[in-house]
Each structure stands twice: as structure tokens, then as C-alpha cells.
file start31.txt (compact mmCIF, N, CA and C atoms)
# COMPACT_ATOMS: atom_id res chain seq x y z
N MET A 19 -43.65 172.88 149.98
CA MET A 19 -42.53 173.64 150.50
C MET A 19 -42.44 174.96 149.74
N LEU A 20 -42.32 176.06 150.45
CA LEU A 20 -42.23 177.38 149.86
C LEU A 20 -40.77 177.77 149.72
N ALA A 21 -40.35 178.10 148.50
CA ALA A 21 -38.97 178.50 148.26
C ALA A 21 -38.79 179.97 148.64
N THR A 22 -37.67 180.29 149.22
CA THR A 22 -37.35 181.67 149.57
C THR A 22 -36.53 182.28 148.46
N LYS A 23 -36.94 183.44 148.00
CA LYS A 23 -36.20 184.15 146.97
C LYS A 23 -35.22 185.09 147.66
N LYS A 24 -33.96 185.03 147.25
CA LYS A 24 -32.92 185.86 147.84
C LYS A 24 -32.40 186.88 146.84
N LEU A 25 -32.03 188.02 147.35
CA LEU A 25 -31.33 189.03 146.58
C LEU A 25 -29.94 189.14 147.19
N VAL A 26 -28.91 189.01 146.35
CA VAL A 26 -27.53 189.11 146.82
C VAL A 26 -26.82 190.17 145.98
N ILE A 27 -26.23 191.15 146.66
CA ILE A 27 -25.49 192.22 146.00
C ILE A 27 -24.07 192.21 146.57
N VAL A 28 -23.08 192.20 145.69
CA VAL A 28 -21.70 192.27 146.12
C VAL A 28 -21.15 193.64 145.71
N ALA A 29 -20.71 194.43 146.69
CA ALA A 29 -20.19 195.77 146.44
C ALA A 29 -18.72 195.82 146.84
N VAL A 30 -17.91 196.38 145.97
CA VAL A 30 -16.47 196.49 146.21
C VAL A 30 -16.10 197.97 146.29
N ASN A 31 -15.38 198.35 147.32
CA ASN A 31 -14.91 199.72 147.48
C ASN A 31 -13.40 199.70 147.62
N ILE A 32 -12.68 200.14 146.58
CA ILE A 32 -11.22 200.13 146.63
C ILE A 32 -10.66 201.49 147.06
N SER A 33 -11.55 202.46 147.29
CA SER A 33 -11.08 203.80 147.66
C SER A 33 -10.70 203.86 149.14
N LYS A 34 -10.15 205.01 149.52
CA LYS A 34 -9.71 205.21 150.90
C LYS A 34 -10.80 205.79 151.79
N SER A 35 -12.02 205.92 151.27
CA SER A 35 -13.10 206.47 152.08
C SER A 35 -14.38 205.63 151.92
N THR A 36 -15.24 205.71 152.93
CA THR A 36 -16.51 204.99 152.91
C THR A 36 -17.41 205.58 151.82
N LYS A 37 -18.14 204.71 151.14
CA LYS A 37 -19.07 205.13 150.09
C LYS A 37 -20.49 204.79 150.52
N ALA A 38 -21.43 205.68 150.26
CA ALA A 38 -22.84 205.47 150.59
C ALA A 38 -23.63 205.31 149.30
N TYR A 39 -24.59 204.41 149.31
CA TYR A 39 -25.43 204.15 148.14
C TYR A 39 -26.88 203.98 148.57
N LYS A 40 -27.77 204.29 147.65
CA LYS A 40 -29.20 204.07 147.86
C LYS A 40 -29.65 203.09 146.78
N LEU A 41 -30.27 202.01 147.18
CA LEU A 41 -30.73 200.98 146.25
C LEU A 41 -32.20 201.21 145.93
N ASN A 42 -32.53 201.21 144.65
CA ASN A 42 -33.90 201.38 144.22
C ASN A 42 -34.30 200.13 143.43
N LEU A 43 -35.11 199.28 144.02
CA LEU A 43 -35.54 198.05 143.37
C LEU A 43 -36.78 198.28 142.53
N ALA A 44 -36.73 197.86 141.30
CA ALA A 44 -37.91 197.92 140.44
C ALA A 44 -38.40 196.49 140.23
N GLY A 45 -39.68 196.26 140.46
CA GLY A 45 -40.25 194.95 140.22
C GLY A 45 -40.11 193.96 141.37
N GLY A 46 -39.80 194.44 142.56
CA GLY A 46 -39.69 193.52 143.70
C GLY A 46 -39.66 194.29 145.00
N ALA A 47 -39.85 193.58 146.09
CA ALA A 47 -39.82 194.20 147.41
C ALA A 47 -39.11 193.27 148.37
N LEU A 48 -38.29 193.84 149.22
CA LEU A 48 -37.57 193.06 150.22
C LEU A 48 -38.37 192.98 151.51
N THR A 49 -38.23 191.87 152.22
CA THR A 49 -38.87 191.72 153.51
C THR A 49 -38.36 192.83 154.43
N ALA A 50 -39.25 193.65 154.92
CA ALA A 50 -38.95 194.78 155.83
C ALA A 50 -38.03 195.82 155.19
N GLY A 51 -37.77 195.72 153.89
CA GLY A 51 -36.90 196.69 153.21
C GLY A 51 -35.47 196.68 153.72
N LYS A 52 -35.04 195.53 154.24
CA LYS A 52 -33.72 195.43 154.88
C LYS A 52 -32.81 194.45 154.16
N LEU A 53 -31.51 194.71 154.24
CA LEU A 53 -30.47 193.81 153.74
C LEU A 53 -29.48 193.57 154.87
N THR A 54 -28.94 192.36 154.94
CA THR A 54 -27.93 192.03 155.94
C THR A 54 -26.56 192.10 155.28
N PRO A 55 -25.64 192.94 155.81
CA PRO A 55 -24.31 193.05 155.22
C PRO A 55 -23.33 192.03 155.82
N TYR A 56 -22.45 191.52 154.97
CA TYR A 56 -21.34 190.65 155.37
C TYR A 56 -20.09 191.32 154.82
N THR A 57 -19.21 191.78 155.71
CA THR A 57 -18.06 192.60 155.30
C THR A 57 -16.76 191.82 155.36
N THR A 58 -15.96 191.98 154.29
CA THR A 58 -14.62 191.43 154.23
C THR A 58 -13.66 192.59 153.97
N SER A 59 -12.63 192.68 154.81
CA SER A 59 -11.63 193.74 154.67
C SER A 59 -10.30 193.20 155.19
N GLU A 60 -9.34 194.11 155.41
CA GLU A 60 -8.05 193.69 155.95
C GLU A 60 -8.19 193.06 157.33
N THR A 61 -9.23 193.49 158.08
CA THR A 61 -9.39 193.02 159.46
C THR A 61 -10.63 192.16 159.69
N LEU A 62 -11.53 192.09 158.70
CA LEU A 62 -12.78 191.33 158.87
C LEU A 62 -12.88 190.25 157.80
N SER A 63 -13.47 189.12 158.17
CA SER A 63 -13.66 188.02 157.22
C SER A 63 -15.14 187.61 157.24
N LEU A 64 -15.90 188.14 156.29
CA LEU A 64 -17.34 187.89 156.21
C LEU A 64 -18.06 188.16 157.52
N LYS A 65 -17.72 189.29 158.14
CA LYS A 65 -18.32 189.70 159.41
C LYS A 65 -19.77 190.10 159.17
N LYS A 66 -20.70 189.39 159.81
CA LYS A 66 -22.12 189.68 159.67
C LYS A 66 -22.47 190.93 160.46
N GLY A 67 -23.16 191.86 159.80
CA GLY A 67 -23.58 193.09 160.45
C GLY A 67 -25.07 193.06 160.72
N SER A 68 -25.56 194.11 161.34
CA SER A 68 -27.00 194.25 161.59
C SER A 68 -27.70 194.63 160.30
N ALA A 69 -28.95 194.21 160.17
CA ALA A 69 -29.73 194.53 158.97
C ALA A 69 -29.82 196.04 158.79
N VAL A 70 -29.67 196.48 157.54
CA VAL A 70 -29.70 197.90 157.22
C VAL A 70 -30.80 198.18 156.19
N ASP A 71 -31.28 199.41 156.19
CA ASP A 71 -32.29 199.84 155.23
C ASP A 71 -31.67 199.90 153.84
N MET A 72 -32.38 199.40 152.83
CA MET A 72 -31.81 199.37 151.49
C MET A 72 -31.63 200.77 150.92
N GLY A 73 -32.17 201.76 151.57
CA GLY A 73 -32.00 203.14 151.13
C GLY A 73 -30.76 203.81 151.69
N SER A 74 -30.01 203.11 152.52
CA SER A 74 -28.82 203.72 153.12
C SER A 74 -27.70 202.70 153.29
N LEU A 75 -27.19 202.22 152.17
CA LEU A 75 -26.11 201.24 152.21
C LEU A 75 -24.76 201.94 152.29
N GLU A 76 -23.87 201.42 153.13
CA GLU A 76 -22.52 201.96 153.23
C GLU A 76 -21.51 200.86 152.99
N ILE A 77 -20.50 201.18 152.19
CA ILE A 77 -19.42 200.26 151.91
C ILE A 77 -18.15 200.89 152.48
N PRO A 78 -17.59 200.30 153.54
CA PRO A 78 -16.39 200.88 154.16
C PRO A 78 -15.22 200.93 153.18
N ALA A 79 -14.26 201.79 153.47
CA ALA A 79 -13.07 201.92 152.64
C ALA A 79 -12.36 200.58 152.52
N ARG A 80 -11.85 200.31 151.32
CA ARG A 80 -11.06 199.11 151.04
C ARG A 80 -11.70 197.84 151.57
N SER A 81 -12.92 197.60 151.14
CA SER A 81 -13.63 196.41 151.61
C SER A 81 -14.55 195.86 150.52
N ILE A 82 -15.05 194.67 150.78
CA ILE A 82 -16.06 194.03 149.95
C ILE A 82 -17.21 193.72 150.88
N VAL A 83 -18.42 194.16 150.49
CA VAL A 83 -19.60 193.90 151.31
C VAL A 83 -20.61 193.13 150.47
N THR A 84 -21.06 192.02 151.01
CA THR A 84 -22.12 191.23 150.39
C THR A 84 -23.40 191.51 151.15
N PHE A 85 -24.38 192.07 150.47
CA PHE A 85 -25.68 192.37 151.07
C PHE A 85 -26.65 191.27 150.68
N VAL A 86 -27.36 190.70 151.66
CA VAL A 86 -28.31 189.61 151.40
C VAL A 86 -29.67 189.99 151.97
N GLY A 87 -30.71 189.78 151.15
CA GLY A 87 -32.07 190.05 151.58
C GLY A 87 -33.03 189.03 151.02
N ASN A 88 -34.23 188.99 151.57
CA ASN A 88 -35.29 188.08 151.11
C ASN A 88 -36.38 188.87 150.44
N TYR A 89 -36.84 188.36 149.28
CA TYR A 89 -37.99 188.93 148.61
C TYR A 89 -39.26 188.51 149.33
N LYS A 90 -40.25 189.39 149.31
CA LYS A 90 -41.56 189.06 149.87
C LYS A 90 -42.26 188.07 148.97

call {"tool": "encode", "arguments": {"input": "start31.txt", "output": "C-alpha cells"}}
result
Amino acid sequence: MLATKKLVIVAVNISKSTKAYKLNLAGGALTAGKLTPYTTSETLSLKKGSAVDMGSLEIPARSIVTFVGNYK
């Protein structure tokens, strides 16, 4: 059985505006270079989003986003 290695990043944005980040991984590579966001805010509860490029992560205002990806 082959174990899957996961990368999990939890980002918190308490400001009133969306924040953009670029992730630079040293020593590893993600499958397709993508992360799947799960957003929690005043109106969302772990809402799964579409996979995003790890070079263009956005954290909406006043939210917590958990990004999940698989290592190659």
C-alpha cells in the first residue's frame, strides 16, 4: 500500500480585505502544483473550493482557509 503525503496549510485573515500570497516550497513538489482551499467565514463552513495554483493563494477578508495538497 502506498501512503499519500499531504501538505496542509491553515491561513487566517482577520483584516477587512482579501490577502494574496505566493507559496514557495523547498524540498518538495505538489501534484500538479495545486492546493484545494476549504474556507470558513461568517457565511461559509469549510466550503470546498476549486484547486488553485500554489503561486496565487488568496485568503478572503475575515476568514480562515485550509489549503490541502498532495506531494508527488

call {"tool": "select_by_dssp", "arguments": {"input": "start31.txt", "residues": "chain A", "states": "strand (DSSP E or B)", "output": "ChimeraX atom specification"}}
result
/A:24-31,37-39,48,52-58,65-66,70-71,75-77,81-89

call {"tool": "closest_residue", "arguments": {"input": "start31.txt", "among": "A:Ala47, A:Val26, A:Leu41, A:Val86", "to": "Gly73 of chain A", "atoms": "only N, CA and C atoms"}}
result
A:Leu41

call {"tool": "residues_near_point", "arguments": {"input": "start31.txt", "point": "(-26.3, 201.4, 151.5)", "cutoff": "6 Å", "atoms": "only N, CA and C atoms", "output": "PyMOL selection string"}}
result
chain A and resi 38-41+72-77

call {"tool": "closest_residue", "arguments": {"input": "start31.txt", "among": "A:Ser33, A:Asn42, A:Thr49, A:Thr54", "to": "Ser81 of chain A", "atoms": "only N, CA and C atoms"}}
result
A:Ser33

call {"tool": "atom_distance", "arguments": {"input": "start31.txt", "atom1": "atom C of Lys52 of chain A", "atom2": "atom CA of Pro78 of chain A"}}
result
17.6 Å

call {"tool": "atom_distance", "arguments": {"input": "start31.txt", "atom1": "atom CA of Tyr89 of chain A", "atom2": "atom CA of Val30 of chain A"}}
result
22.9 Å

call {"tool": "atom_distance", "arguments": {"input": "start31.txt", "atom1": "atom CA of Lys90 of chain A", "atom2": "atom CA of Ser63 of chain A"}}
result
28.9 Å

call {"tool": "residues_near_point", "arguments": {"input": "start31.txt", "point": "(-25.9, 192.8, 151.0)", "cutoff": "7 Å", "atoms": "all atoms listed in the file", "output": "list in words"}}
result
Leu25, Val26, Ile27, Val28, Ala29, Leu53, Thr54, Pro55, Tyr56, Val83, Thr84, Phe85, Val86 and Gly87 of chain A
